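Accompanying notes for the structure given below.
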Amino acid sequence: MTSATGPASAHDRRSASDATGVLVLAACAAWSLITAAVHGGRPEGVLLAVLAVAAGYAVGRICGELLPVAVPGAGAFAGLGLAVAAPHMNPGSQVTSPLGQTGATAALLALSAGAACCAAWAARPPGLRLALRLLAAGIAVTAAVLGSTSGFVACLGVLLCSLAADRMRRRAVGLGGLALAVALVTGATWATAENALPDGLASSLEGQLTPHRVLLWHDALDMAAREPGLGVGPGRFAELSPTATQSLPPDGKPHSAPFQQAAEQGILGVVLLAAVFGWVLYALWRSPRPTPLVLTAGAALTALAAIASVGNALSFTTVTAGAGLLAGLATARPAPPAPTVPTSTG
């Protein structure tokens, strides 16, 4: 049931979420330039990520209205292909290593599974809907074959959340649960880096994360403690981290998006990163799309946020653009139904 003011109020809500997104992304870009100007950093990576998210979101909004099934389905295949063809998947490479590009592979697989499930909710024929869900299951199996444990867990979680989303009537509750999940993962990474966990649990987590990654986190927290206001400057972690300089080969990343923001852009950088995720959830809450589709996209983006909190997935343009694309698809205005032509009975 809709009221006479329904379309106007829906337009106002969408305008509010779009304006919020513009302000948040502009603030991220501006703050990276400010911190770079103070410490002589390199803001290009942040600016490219902001541009990729914005471009992907705009494309998703347009294509989600015109081709709500075909575009996310094609995006699922594209993301799967990029993950399978990743350079680090060559024979003899350390596929199971949590460092390097493995986080990006897990993120691409999670976004691909989310796109397939979103396409399934947008599809009307039961056979097509089943085929798209089987595609999502196949992406999870592919993650297991590639040795990406985090990718397999993320894809399976997205698929299960998508199936359970049909029973969720209030999307605000579901989105709130997703936000809480990201907060818990981020809190666990901070506790691990600060040695605030019990010895047994800390040893278990450090074994999964590798001691090298935890040392990178220690370096990031030390930088954040020295420069809490502006950070050391975007792109300067590799110069100032003793652990990163001793890495072979060095990649210059702390392998945690929150810790990288804290080290390079200070506390406000972490706040802006959280604001981007909050804006995405806000846009999904205001989305005119059905609740199951919205929660499916939210689950995939939450999986990405969790992966990014313990890896460098957001350093890859394909991942940030894919995240923006999925968010745009999930917030696009549904196409109006085709007008029916009256038939004469005479």
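Residues are named by chain letter and number: chains run A, B, ... in the order of the structure tokens, numbers start at 1 in each chain, and ligands are numbered from 1 in the order shown.
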Could you pull the residues within 10 Å of Ala52 (chain A), counting only C-alpha atoms, minus those fewer than 2 positions along the same chain, as a PDB file with N, CA, C and O atoms, in the first residue's frame?
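Generated file (around.pdb):
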ATOM      1  N   VAL A  46      44.124   6.919  -2.578  1.00  0.00           N
ATOM      2  CA  VAL A  46      42.829   7.238  -1.976  1.00  0.00           C
ATOM      3  C   VAL A  46      41.906   7.879  -3.006  1.00  0.00           C
ATOM      4  O   VAL A  46      40.719   7.545  -3.101  1.00  0.00           O
ATOM      5  N   LEU A  47      42.451   8.805  -3.782  1.00  0.00           N
ATOM      6  CA  LEU A  47      41.633   9.482  -4.790  1.00  0.00           C
ATOM      7  C   LEU A  47      41.120   8.497  -5.834  1.00  0.00           C
ATOM      8  O   LEU A  47      39.968   8.586  -6.276  1.00  0.00           O
ATOM      9  N   LEU A  48      41.954   7.542  -6.227  1.00  0.00           N
ATOM     10  CA  LEU A  48      41.522   6.542  -7.202  1.00  0.00           C
ATOM     11  C   LEU A  48      40.424   5.655  -6.625  1.00  0.00           C
ATOM     12  O   LEU A  48      39.460   5.313  -7.321  1.00  0.00           O
ATOM     13  N   ALA A  49      40.555   5.300  -5.341  1.00  0.00           N
ATOM     14  CA  ALA A  49      39.529   4.478  -4.708  1.00  0.00           C
ATOM     15  C   ALA A  49      38.199   5.221  -4.626  1.00  0.00           C
ATOM     16  O   ALA A  49      37.131   4.655  -4.888  1.00  0.00           O
ATOM     17  N   VAL A  50      38.260   6.510  -4.265  1.00  0.00           N
ATOM     18  CA  VAL A  50      37.040   7.318  -4.194  1.00  0.00           C
ATOM     19  C   VAL A  50      36.393   7.423  -5.573  1.00  0.00           C
ATOM     20  O   VAL A  50      35.171   7.274  -5.722  1.00  0.00           O
ATOM     21  N   ALA A  54      32.648   5.963  -6.662  1.00  0.00           N
ATOM     22  CA  ALA A  54      31.645   6.868  -7.225  1.00  0.00           C
ATOM     23  C   ALA A  54      31.224   6.439  -8.627  1.00  0.00           C
ATOM     24  O   ALA A  54      30.029   6.431  -8.964  1.00  0.00           O
ATOM     25  N   ALA A  55      32.196   6.066  -9.463  1.00  0.00           N
ATOM     26  CA  ALA A  55      31.875   5.649 -10.826  1.00  0.00           C
ATOM     27  C   ALA A  55      31.077   4.353 -10.822  1.00  0.00           C
ATOM     28  O   ALA A  55      30.087   4.212 -11.558  1.00  0.00           O
ATOM     29  N   GLY A  56      31.492   3.389 -10.006  1.00  0.00           N
ATOM     30  CA  GLY A  56      30.755   2.140  -9.935  1.00  0.00           C
ATOM     31  C   GLY A  56      29.335   2.338  -9.434  1.00  0.00           C
ATOM     32  O   GLY A  56      28.392   1.719  -9.940  1.00  0.00           O
ATOM     33  N   TYR A  57      29.171   3.221  -8.458  1.00  0.00           N
ATOM     34  CA  TYR A  57      27.840   3.486  -7.917  1.00  0.00           C
ATOM     35  C   TYR A  57      26.939   4.122  -8.966  1.00  0.00           C
ATOM     36  O   TYR A  57      25.763   3.739  -9.112  1.00  0.00           O
ATOM     37  N   ALA A  58      27.471   5.078  -9.728  1.00  0.00           N
ATOM     38  CA  ALA A  58      26.673   5.732 -10.765  1.00  0.00           C
ATOM     39  C   ALA A  58      26.270   4.743 -11.855  1.00  0.00           C
ATOM     40  O   ALA A  58      25.116   4.723 -12.304  1.00  0.00           O
ATOM     41  N   PHE A 316      42.785  -2.387  -4.319  1.00  0.00           N
ATOM     42  CA  PHE A 316      42.608  -2.811  -5.703  1.00  0.00           C
ATOM     43  C   PHE A 316      41.386  -2.110  -6.290  1.00  0.00           C
ATOM     44  O   PHE A 316      40.284  -2.186  -5.743  1.00  0.00           O
ATOM     45  N   THR A 317      41.594  -1.457  -7.428  1.00  0.00           N
ATOM     46  CA  THR A 317      40.524  -0.680  -8.041  1.00  0.00           C
ATOM     47  C   THR A 317      39.348  -1.551  -8.449  1.00  0.00           C
ATOM     48  O   THR A 317      38.194  -1.122  -8.369  1.00  0.00           O
ATOM     49  N   THR A 318      39.615  -2.779  -8.886  1.00  0.00           N
ATOM     50  CA  THR A 318      38.515  -3.666  -9.272  1.00  0.00           C
ATOM     51  C   THR A 318      37.584  -3.943  -8.091  1.00  0.00           C
ATOM     52  O   THR A 318      36.366  -4.070  -8.277  1.00  0.00           O
ATOM     53  N   VAL A 319      38.138  -4.015  -6.900  1.00  0.00           N
ATOM     54  CA  VAL A 319      37.316  -4.295  -5.717  1.00  0.00           C
ATOM     55  C   VAL A 319      36.479  -3.077  -5.352  1.00  0.00           C
ATOM     56  O   VAL A 319      35.262  -3.193  -5.115  1.00  0.00           O
ATOM     57  N   THR A 320      37.083  -1.901  -5.310  1.00  0.00           N
ATOM     58  CA  THR A 320      36.327  -0.706  -4.934  1.00  0.00           C
ATOM     59  C   THR A 320      35.267  -0.368  -5.985  1.00  0.00           C
ATOM     60  O   THR A 320      34.153   0.032  -5.643  1.00  0.00           O
ATOM     61  N   ALA A 321      35.610  -0.534  -7.263  1.00  0.00           N
ATOM     62  CA  ALA A 321      34.614  -0.292  -8.305  1.00  0.00           C
ATOM     63  C   ALA A 321      33.481  -1.314  -8.222  1.00  0.00           C
ATOM     64  O   ALA A 321      32.303  -0.965  -8.398  1.00  0.00           O
ATOM     65  N   GLY A 322      33.824  -2.567  -7.945  1.00  0.00           N
ATOM     66  CA  GLY A 322      32.786  -3.591  -7.804  1.00  0.00           C
ATOM     67  C   GLY A 322      31.881  -3.332  -6.622  1.00  0.00           C
ATOM     68  O   GLY A 322      30.665  -3.561  -6.697  1.00  0.00           O
ATOM     69  N   ALA A 323      32.447  -2.837  -5.521  1.00  0.00           N
ATOM     70  CA  ALA A 323      31.621  -2.507  -4.363  1.00  0.00           C
ATOM     71  C   ALA A 323      30.652  -1.382  -4.691  1.00  0.00           C
ATOM     72  O   ALA A 323      29.461  -1.430  -4.335  1.00  0.00           O
ATOM     73  N   GLY A 324      31.151  -0.344  -5.372  1.00  0.00           N
ATOM     74  CA  GLY A 324      30.263   0.743  -5.772  1.00  0.00           C
ATOM     75  C   GLY A 324      29.188   0.280  -6.732  1.00  0.00           C
ATOM     76  O   GLY A 324      28.025   0.697  -6.634  1.00  0.00           O
ATOM     77  N   LEU A 325      29.547  -0.600  -7.662  1.00  0.00           N
ATOM     78  CA  LEU A 325      28.572  -1.121  -8.620  1.00  0.00           C
ATOM     79  C   LEU A 325      27.465  -1.892  -7.914  1.00  0.00           C
ATOM     80  O   LEU A 325      26.272  -1.702  -8.203  1.00  0.00           O
TER      81      LEU A 325
END
Q) Which polymer residues have any atom within 12 Å of an atom of Ser309 (chain A), counting only C-alpha atoms, with same-chain residues fewer than 5 positions away left out, as a PyMOL selection string? A) chain A and resi 103-104+107+181-190+209+213+217+254-261+270+273-274+302-304+314-315
Q. Out of A:Ala144, A:Met223, A:Ala172, A:Ala196, which residue has the shortest atom-to-atom distance to Leu281 (chain A) when counting only C-alpha atoms?
A. A:Ala172
**Q.** Non-local contacts of Leu329 (chain A) (7 Å; only C-alpha atoms; under 3 positions in same chain excluded) as a PyMOL selection string
**A.** chain A and resi 60-61+64+325-326+332
Generate the output file for the selected residues, C-alpha atoms, as a short mmCIF file (atom, residue, chain, number, x, y, z; two decimals), in the first residue's frame.
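Saved to part22.cif:
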data_model
loop_
_atom_site.label_atom_id
_atom_site.label_comp_id
_atom_site.auth_asym_id
_atom_site.auth_seq_id
_atom_site.Cartn_x
_atom_site.Cartn_y
_atom_site.Cartn_z
CA GLY A 60 25.03 0.59 -10.94
CA ARG A 61 22.23 3.08 -10.44
CA GLY A 64 20.09 -1.38 -12.19
CA LEU A 325 28.57 -1.12 -8.62
CA LEU A 326 26.82 -3.54 -6.27
CA ALA A 332 18.53 1.74 -8.24
#
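From CA of Leu216 (chain A) back to CA of Ala37 (chain A), the distance works out to 24.7 Å.
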Q: Would you work out the distance separating CA of Val59 (chain A) from CA of Cys161 (chain A), expressed in Å to one decimal?
A: 25.2 Å
**Q.** Those of region 50-268 of chain A in DSSP helix (DSSP H, G or I), formatted as an NGL selection string
**A.** :A and (50-66 or 70-84 or 87-89 or 102-122 or 126-146 or 149-167 or 171-193 or 199-209 or 211-226 or 237-240 or 242-245 or 257-268)
Just the residues within 7 Å of Leu175 (chain A), please, counting only C-alpha atoms, with nothing from its chain fewer than 4 positions along; format it as a CSV table (one decimal) with N, CA and C atoms, in the first residue's frame.
chain,number,residue,atom,x,y,z
A,171,ARG,N,14.1,-4.2,7.3
A,171,ARG,CA,15.5,-4.2,6.8
A,171,ARG,C,16.4,-3.5,7.7
A,179,ALA,N,26.0,-4.1,10.4
A,179,ALA,CA,26.9,-3.1,11.0
A,179,ALA,C,27.6,-3.6,12.3
A,281,LEU,N,25.1,1.7,4.1
A,281,LEU,CA,24.0,1.1,4.8
A,281,LEU,C,22.8,2.0,4.8
A,295,LEU,N,19.1,-6.6,1.5
A,295,LEU,CA,19.9,-7.3,2.5
A,295,LEU,C,21.0,-8.2,1.9
A,298,GLY,N,23.7,-5.9,1.1
A,298,GLY,CA,24.4,-5.5,2.4
A,298,GLY,C,25.3,-6.6,2.9
**Q.** Near-Leu130 (chain A) list (9 Å; only C-alpha atoms; drop same-chain fewer than 5 positions) as JSON, numbers by chain
**A.** {"A": [120, 125, 135]}
Once you have the residues from the selection above, write them out as a CSV table (one decimal), in the first residue's frame, restricted to N, CA and C atoms.
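Output contents, as saved in again.csv:
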chain,number,residue,atom,x,y,z
A,120,ALA,N,19.2,-12.9,-8.7
A,120,ALA,CA,18.2,-13.9,-8.5
A,120,ALA,C,16.9,-13.3,-7.9
A,125,PRO,N,11.2,-15.4,-13.4
A,125,PRO,CA,11.0,-16.8,-13.6
A,125,PRO,C,11.7,-17.7,-12.6
A,135,LEU,N,24.6,-20.4,-9.5
A,135,LEU,CA,25.8,-19.6,-9.8
A,135,LEU,C,26.5,-19.2,-8.6
Q: Could you give me, as a ChimeraX atom specification, the residues within 12 Å of Val232 (chain A), counting only C-alpha atoms and dropping anything in the same chain fewer than 3 positions from it?
A: /A:32,34-43,219-229,235-241,260-267,269
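Each of A:Pro126, A:Pro292, A:Gly138, A:Gly252 was compared to Asn312 (chain A) using only C-alpha atoms, and A:Gly252 turns out to be the nearest.
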Q: Identify which of the residues A:Ala131, A:Val22, A:Val214, A:Ala85 lies closest to Val310 (chain A), counting only C-alpha atoms when measuring atom-to-atom distances.
A: A:Val214
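With CA of Ala137 (chain A) on one side and CA of Leu109 (chain A) on the other, the separation reads 10.9 Å.
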